[in-house]
Amino acid sequence: MQRRYLCPFKAHRLAHVLTDVLVIGGGVGGLRSALAVTETSPQAEVLLVTKQRLSESNTFWAQGGIASVTASQDSFESHIADTINTACGIGQRAAIEAVVREAPARIEELINWGANFDRETDGRLALGREGGHSYNRIIHALGDATGRELANCLAGVTRAREQVSILEHTFILDLITLDGRCIGAVAHAKDRGLFLIFARATLLASGGAGALYRETTNPPIATADGHAMAWRAGAMLRDMEMVQFHPTTIYIAGATRALVSEAVRGEGATLIDKNGYRFMRDYHPAGELAPRDIVARAILAQLAKTNSTHVFLDARHLGTQAFQTRFPWIFETCRSFGIDPGIQPIPVHPSAHYMVGGVATDLVGRTSIPGLYAIGEASYTGLHGANRLASNSLIEALVFGKRAGDDAARRLAGEIRQPEIPRINVEIPLSQRTELDTQDILSSLRALMWRNVGIERSGPRLEESAEIIAFWSRYVLDKVFDAPAGWELQNMLQIARLITLGANARCETRGVHYRTDFPQTDDINWRCHLDWQPNSDLPVKMPVVDSL
């Protein structure tokens with residue numbers, strides 16, 4: 001039986017905040033959902049909480065763009081088909097159709113709010129191409145800073161809404177539940193300690209879990225907090241074994257990894273090995289524009305063939321000036337490593353990128369816990385299935401942020417306001433076990449996940465990893481910490497366990513999940529979801545359906 005809360009508390013002795021809607025997370029999903037609440041229910045009060053500054057979200061670092069059908073030669077049917085194909089048999093068509101068909105309206109909203117998307121000389125939106133897409137349909141901003149433009153635009157609009165209050169540098173430890181319903185969260189801020197937030201609806205938009213891996217494109221904040229707090233609260237999680245790895249991050253020994261957007265390959269860049277050989281055609285007819293899981297595995301195979309640590313992304317056909325104009329952020333990053341991508345191939349290697357699995361939701365973001373919604377990378381809506389199509393993440397968060405915020409606001413109108421503060425007392429016995437060095441465990445966990453639960457997986461290595469994670473968990477999950485670093489490690493251990501056990505349970509290869517001991521896709525036995533029910537030790541196989 002897992003521990004329900006990370007910290008002991010007595011509700012009536014802590015300071016508390018009351019709000020109509022609590023939004024956890026300041027990325028595109030959180031911001032759009034907060035705006036949707038105010039649009040549907042102008043009287044509703046919204047509190048948006050971020051654990052760092054509002055600008056420090058995964059959204060801010062997104063380079064590539066937003067997928068949406070806007071060109072006359074493109075079609076909804078094509079975008080739907082591309083997404084279904086990439087989802088590898090377990091995507092949910094209802095979710096896919098909802099996102100694809102509502103995407104243009106969400107883009108138009110952003111333009112009306114002042115988002116500065118790149119345009120052609122005749123004023124039309126400039127459209128790029130990325131892996132898995134049949135047409136140019138990737139809208140981008142400032143060349144390769146789409147996420148930054150989107151985050152700044154939405155943050156500006158949100159800050160202007162009087163109904164929305166924003167708490168930065170505030171860590172959410174746990175969701176509070178009473179009689180099976182989510183009624184808010186336990187929070188901590190450095191200047192006020194623990195306090196409670198009570199809300200009539202809670203929207204979880206806390207981002208992903210990329211920091212679980214040593215090699216990652218994600219900032220350090222992506223520590224699976226939302227997945228873990230939802231799991232402890234009793235929410236159903238789905239397909240946690242599905243973790244996407246981006247094929248191209250800059251590889252400089254000893255340096256942190258920096259993403260090189262798929263849009264660079266969309267502009268014609270090729271992948272070559274240390275001998276200058278362009279190898280992707282050997283692995284897939286679409287070459288460099290094959291889906292990400294295929295490109296990432298192809299790079300690993302080529303590294304093994306050539307006994308190398310990295311391959312190269314060759315964009316020399318663009319030249320220095322054109323590369324700098326189209327990809328200014330990536331250009332400056334390359335130059336910081338002494339690389340001119342206009343005249344030198346960029347050394348690259350795959351890294352963990354996106355959490356495909358997550359908290360299972362319906363088509364308006366509702367989870368299995370009444371009062372709790374999940375949006376964006378924290379959620380599993382069915383859009384991505386077993387593999388995310390490039391640039392479908394930002395648009396998913398926009399569409400489901402709008403849907404979840406609207407639904408929460410409509411439900412507020414028919415519900416009685418929050419009753420008096422419940423007398424919840426949480427007691428946790430002192431641990432009798434030895435204290436281990438949490439920083440050592442964190443480093444070792446990230447290395448273990450990269451080696452054994454990464455791009456390629458096998459049963460023996462997964463079983464060994466589960467045993468090691470269980471050992472660390474016995475000495476970490478029984479402790480009470482008083483700062484975010486300890487809580488993040490506890491969250492990471494819990495979600496690492498689910499990813500590892502799920503990967504060991506799924507005895508096939510599908511999408512981002514590649515088993516060297518089961519290299520084929522098995523639709524007879526494994527075309528299904530793996531659902532984590534509350535307090536379960538193993539996931540349950542569930543058939544693929546159109547919606548929950």
# chains A, B, ... in the order shown; residues from 1 in each chain; ligands from 1

call {"tool": "residues_around", "arguments": {"residues": "range 373-388 of chain A", "least_positions_apart": "2", "cutoff": "7 Å", "atoms": "only C-alpha atoms", "output": "JSON, numbers by chain"}}
result
{"A": [29, 86, 87, 88, 90, 91, 92, 95, 96, 202, 203, 204, 205, 206, 207, 208, 226, 227, 238, 242, 244, 355, 356, 357, 358, 359, 360, 361, 362, 363, 365, 366, 367, 371, 390, 392, 396, 397, 400, 401, 404, 510, 511, 512]}

call {"tool": "closest_atom_pairs", "arguments": {"of": "range 297-370 of chain A", "to": "range 245-267 of chain A", "cutoff": "7 Å", "atoms": "only C-alpha atoms", "output": "Markdown table"}}
result
| residue | atom | partner | partner_atom | distance |
| --- | --- | --- | --- | --- |
| A:His310 | CA | A:Tyr251 | CA | 6.8 |
| A:Ile330 | CA | A:Val260 | CA | 6.5 |
| A:Ile346 | CA | A:Ile250 | CA | 6.9 |
| A:Pro347 | CA | A:Tyr251 | CA | 5.3 |
| A:Val348 | CA | A:Ile250 | CA | 4.5 |
| A:His349 | CA | A:Thr248 | CA | 5.4 |
| A:Pro350 | CA | A:Pro247 | CA | 4.1 |
| A:Ser351 | CA | A:Phe245 | CA | 5.3 |
| A:Ala352 | CA | A:Phe245 | CA | 4.3 |
| A:His353 | CA | A:Phe245 | CA | 4.9 |
| A:Tyr354 | CA | A:Phe245 | CA | 6.8 |

call {"tool": "residues_around", "arguments": {"residues": "range 48-64 of chain A", "least_positions_apart": "4", "cutoff": "8 Å", "atoms": "only C-alpha atoms", "output": "ChimeraX atom specification"}}
result
/A:22-28,30,34,138,140,144-152,155,164-172,207,218-219,221-222,261-263,391,394

call {"tool": "select_by_dssp", "arguments": {"residues": "range 27-73 of chain A", "states": "strand (DSSP E)", "output": "ChimeraX atom specification"}}
result
/A:46-49,66-67

call {"tool": "atom_distance", "arguments": {"atom1": "CA of Gly486 in chain A", "atom2": "CA of Leu538 in chain A"}}
result
25.6 Å

call {"tool": "atom_distance", "arguments": {"atom1": "CA of Cys528 in chain A", "atom2": "CA of Ile84 in chain A"}}
result
14.8 Å

call {"tool": "residues_around", "arguments": {"residues": "range 285-291 of chain A", "least_positions_apart": "2", "cutoff": "8 Å", "atoms": "only C-alpha atoms", "output": "compact mmCIF listing (two decimals) with C-alpha atoms, in the first residue's frame"}}
result
# COMPACT_ATOMS: atom_id res chain seq x y z
CA THR A 86 1.83 7.41 -35.79
CA GLU A 130 8.06 17.46 -39.82
CA GLY A 131 8.31 13.68 -39.53
CA GLY A 132 5.11 11.70 -40.02
CA ARG A 265 15.07 17.96 -40.95
CA GLY A 266 11.86 19.36 -42.38
CA ALA A 269 18.78 18.43 -43.25
CA THR A 270 20.02 14.83 -43.42
CA LEU A 271 21.49 12.41 -40.91
CA MET A 280 18.14 6.83 -42.81
CA ARG A 281 16.99 5.46 -46.19
CA ASP A 282 18.32 2.09 -45.01
CA TYR A 283 15.78 2.07 -42.19
CA ASP A 293 10.67 6.40 -32.71
CA ILE A 294 11.98 5.00 -35.99
CA VAL A 295 14.59 7.73 -36.41
CA LEU A 389 3.24 12.90 -34.00
CA ALA A 390 5.60 15.87 -34.23

call {"tool": "closest_residue", "arguments": {"among": "A:Asn136, A:Ser458, A:Thr333, A:Thr223", "to": "Ser68 in chain A", "atoms": "only C-alpha atoms"}}
result
A:Asn136

call {"tool": "atom_distance", "arguments": {"atom1": "CA of Asn525 in chain A", "atom2": "CA of Asp239 in chain A"}}
result
15.3 Å

call {"tool": "select_by_dssp", "arguments": {"residues": "range 61-197 of chain A", "states": "helix (DSSP H, G or I)", "output": "PyMOL selection string"}}
result
chain A and resi 61+76-86+93-112+146-159

call {"tool": "closest_residue", "arguments": {"among": "A:Gly89, A:Pro422, A:Gly268, A:Gly342", "to": "Thr509 in chain A", "atoms": "only C-alpha atoms"}}
result
A:Gly89
